[in-house]
Amino acid sequence: MDDLDHRLIALLRRNARAPVADLAKALGVARGTVTNRMARLERDGVITGYTLRLRPDAAPDEICAWTSLAVEGNQHRVIRALLGEPGVATLHDTNGRWDLLAELRVGSLAELSTVLERIRGIEGISASETSVHLQTLRG
């Protein structure tokens with residue numbers, strides 16, 4: 001990837017639905033160049049998809065929690081299991097005290113409890129700590 005690819009990705013991170021013409025103008029290149037770059041980045045697996053982000057208050061009944069996880073043994077097996085858990089919205093590999101950080105999104109506290117039970121039952125998870133997201137102060 002070169003500088004143009006990095007600048008294109010930065011623009012797409014801000015607005016993945018930006019028209020190709022707008023991206024080309026912002027980058028100072030032809031529309032065909034942007035189209036070809038995006039196709040190559042998708043084909044090479046650099047861009048794996050486009051997503052929708054909601055304002056934190058757009059789903060007021062949704063409960064968001066962060067679960068820090070310590071893993072013993074095969075971390076790849078634990079990651080595969082977590083990626084298959086419907087309550088896990090995002091999963092991050094970290095350093096420090098915890099090995100993984102999972103963002104959970106559920107519809108109720110009872111559902112959160114159920115998801116946490118399933119996560120804690122995954123072989124290889126030795127400890128966890130969960131914090132419920134109360135409010136976004138800066139997004």
# chains A, B, ... in the order shown; residues from 1 in each chain; ligands from 1
>>> select_by_dssp(residues="chain A", states="helix (DSSP H, G or I)", output="count of residues only")
54
>>> residues_around(residues="Ile63 (chain A)", least_positions_apart="2", cutoff="12 Å", atoms="only C-alpha atoms", output="list in words")
Pro56, Asp57, Ala58, Ala59, Pro60, Asp61, Ala65, Trp66, Gly87, Val88, Ala89, Glu103, Leu104, Arg105, Val106, Gly107, Ser108, Leu109, Ala110, Glu111, Leu112, Ser113, Val115, Ser131, Val132, His133, Leu134 and Gln135 of chain A
>>> closest_residue(among="A:Leu41, A:Cys64, A:Ile125, A:Ala18", to="Leu82 (chain A)", atoms="only C-alpha atoms")
A:Ile125
>>> residues_around(residues="Leu100 (chain A)", least_positions_apart="3", cutoff="6 Å", atoms="only C-alpha atoms", output="ChimeraX atom specification")
/A:68-69,92-94
>>> write_last_selection(atoms="N, CA and C atoms", output="compact mmCIF listing (two decimals), in the first residue's frame")
# COMPACT_ATOMS: atom_id res chain seq x y z
N SER A 68 -13.12 -7.54 29.61
CA SER A 68 -11.69 -7.82 29.49
C SER A 68 -11.49 -9.29 29.84
N LEU A 69 -10.68 -9.98 29.04
CA LEU A 69 -10.54 -11.42 29.19
C LEU A 69 -9.08 -11.84 29.28
N HIS A 92 -11.03 -7.27 20.38
CA HIS A 92 -9.71 -6.66 20.22
C HIS A 92 -8.65 -7.48 20.96
N ASP A 93 -7.52 -7.67 20.33
CA ASP A 93 -6.35 -8.27 20.96
C ASP A 93 -5.61 -7.13 21.65
N THR A 94 -5.23 -7.30 22.90
CA THR A 94 -4.62 -6.21 23.66
C THR A 94 -3.32 -6.66 24.32
>>> residues_around(residues="region 6-11 of chain A", least_positions_apart="4", cutoff="8 Å", atoms="only C-alpha atoms", output="ChimeraX atom specification")
/A:1-2,15-16,23,27,34
>>> atom_distance(atom1="CA of Arg40 (chain A)", atom2="CA of Gly84 (chain A)")
28.4 Å
>>> select_by_dssp(residues="chain A", states="strand (DSSP E)", output="number ranges by chain")
A: 63-71, 88-93, 100-106, 125-132
>>> write_last_selection(atoms="C-alpha atoms", output="PDB file, in the first residue's frame")
ATOM      1  CA  ILE A  63     -26.913  -2.255  26.549  1.00  0.00           C
ATOM      2  CA  CYS A  64     -23.227  -1.969  25.767  1.00  0.00           C
ATOM      3  CA  ALA A  65     -20.566  -3.523  27.988  1.00  0.00           C
ATOM      4  CA  TRP A  66     -16.845  -4.123  27.739  1.00  0.00           C
ATOM      5  CA  THR A  67     -15.404  -7.432  28.885  1.00  0.00           C
ATOM      6  CA  SER A  68     -11.686  -7.824  29.487  1.00  0.00           C
ATOM      7  CA  LEU A  69     -10.537 -11.425  29.190  1.00  0.00           C
ATOM      8  CA  ALA A  70      -7.465 -13.367  30.315  1.00  0.00           C
ATOM      9  CA  VAL A  71      -6.667 -16.393  28.173  1.00  0.00           C
ATOM     10  CA  VAL A  88     -19.857  -9.866  20.836  1.00  0.00           C
ATOM     11  CA  ALA A  89     -19.967  -6.745  18.646  1.00  0.00           C
ATOM     12  CA  THR A  90     -16.203  -6.206  18.418  1.00  0.00           C
ATOM     13  CA  LEU A  91     -13.165  -8.111  19.636  1.00  0.00           C
ATOM     14  CA  HIS A  92      -9.713  -6.657  20.216  1.00  0.00           C
ATOM     15  CA  ASP A  93      -6.346  -8.271  20.955  1.00  0.00           C
ATOM     16  CA  LEU A 100      -8.646  -9.689  24.794  1.00  0.00           C
ATOM     17  CA  LEU A 101     -11.234  -6.927  25.013  1.00  0.00           C
ATOM     18  CA  ALA A 102     -14.769  -7.666  23.800  1.00  0.00           C
ATOM     19  CA  GLU A 103     -17.487  -5.098  23.234  1.00  0.00           C
ATOM     20  CA  LEU A 104     -20.846  -6.658  24.023  1.00  0.00           C
ATOM     21  CA  ARG A 105     -24.184  -5.355  22.714  1.00  0.00           C
ATOM     22  CA  VAL A 106     -27.397  -6.841  24.069  1.00  0.00           C
ATOM     23  CA  ILE A 125     -10.786 -18.104  29.402  1.00  0.00           C
ATOM     24  CA  SER A 126      -9.261 -17.938  32.856  1.00  0.00           C
ATOM     25  CA  ALA A 127     -10.607 -14.593  34.114  1.00  0.00           C
ATOM     26  CA  SER A 128     -12.850 -11.756  33.037  1.00  0.00           C
ATOM     27  CA  GLU A 129     -13.899  -8.306  34.143  1.00  0.00           C
ATOM     28  CA  THR A 130     -16.953  -6.548  32.728  1.00  0.00           C
ATOM     29  CA  SER A 131     -17.907  -2.881  32.775  1.00  0.00           C
ATOM     30  CA  VAL A 132     -21.289  -1.638  31.600  1.00  0.00           C
TER      31      VAL A 132
END
>>> decode(residues="region 40-52 of chain A", atoms="N, CA, C and O atoms", output="CSV table (one decimal), in the first residue's frame")
chain,number,residue,atom,x,y,z
A,40,ARG,N,-8.9,-3.1,-5.9
A,40,ARG,CA,-7.7,-3.9,-5.5
A,40,ARG,C,-7.7,-4.1,-4.0
A,40,ARG,O,-7.3,-5.2,-3.5
A,41,LEU,N,-8.0,-3.0,-3.2
A,41,LEU,CA,-8.0,-3.2,-1.8
A,41,LEU,C,-9.0,-4.2,-1.3
A,41,LEU,O,-8.7,-4.9,-0.3
A,42,GLU,N,-10.1,-4.3,-1.9
A,42,GLU,CA,-11.1,-5.3,-1.6
A,42,GLU,C,-10.6,-6.7,-2.0
A,42,GLU,O,-10.7,-7.6,-1.2
A,43,ARG,N,-10.1,-6.8,-3.2
A,43,ARG,CA,-9.6,-8.1,-3.7
A,43,ARG,C,-8.5,-8.6,-2.8
A,43,ARG,O,-8.4,-9.8,-2.5
A,44,ASP,N,-7.6,-7.7,-2.4
A,44,ASP,CA,-6.4,-8.1,-1.6
A,44,ASP,C,-6.8,-8.4,-0.1
A,44,ASP,O,-5.9,-8.7,0.7
A,45,GLY,N,-8.1,-8.1,0.3
A,45,GLY,CA,-8.5,-8.3,1.6
A,45,GLY,C,-8.1,-7.2,2.6
A,45,GLY,O,-8.3,-7.4,3.8
A,46,VAL,N,-7.6,-6.1,2.1
A,46,VAL,CA,-7.4,-4.9,3.0
A,46,VAL,C,-8.7,-4.3,3.4
A,46,VAL,O,-8.9,-4.1,4.6
A,47,ILE,N,-9.6,-4.1,2.5
A,47,ILE,CA,-10.9,-3.7,2.8
A,47,ILE,C,-11.8,-5.0,2.8
A,47,ILE,O,-11.9,-5.6,1.8
A,48,THR,N,-12.3,-5.3,4.0
A,48,THR,CA,-13.1,-6.5,4.1
A,48,THR,C,-14.6,-6.3,4.1
A,48,THR,O,-15.4,-7.2,4.1
A,49,GLY,N,-15.0,-5.0,4.1
A,49,GLY,CA,-16.4,-4.7,4.1
A,49,GLY,C,-16.6,-3.3,4.5
A,49,GLY,O,-15.7,-2.5,4.9
A,50,TYR,N,-17.9,-2.9,4.5
A,50,TYR,CA,-18.3,-1.5,4.8
A,50,TYR,C,-19.3,-1.7,5.9
A,50,TYR,O,-20.1,-2.7,5.9
A,51,THR,N,-19.4,-0.8,6.8
A,51,THR,CA,-20.2,-1.0,8.0
A,51,THR,C,-21.1,0.3,8.3
A,51,THR,O,-20.9,1.3,7.7
A,52,LEU,N,-22.0,0.1,9.1
A,52,LEU,CA,-22.9,1.1,9.6
A,52,LEU,C,-22.6,1.4,11.0
A,52,LEU,O,-22.4,0.5,11.8
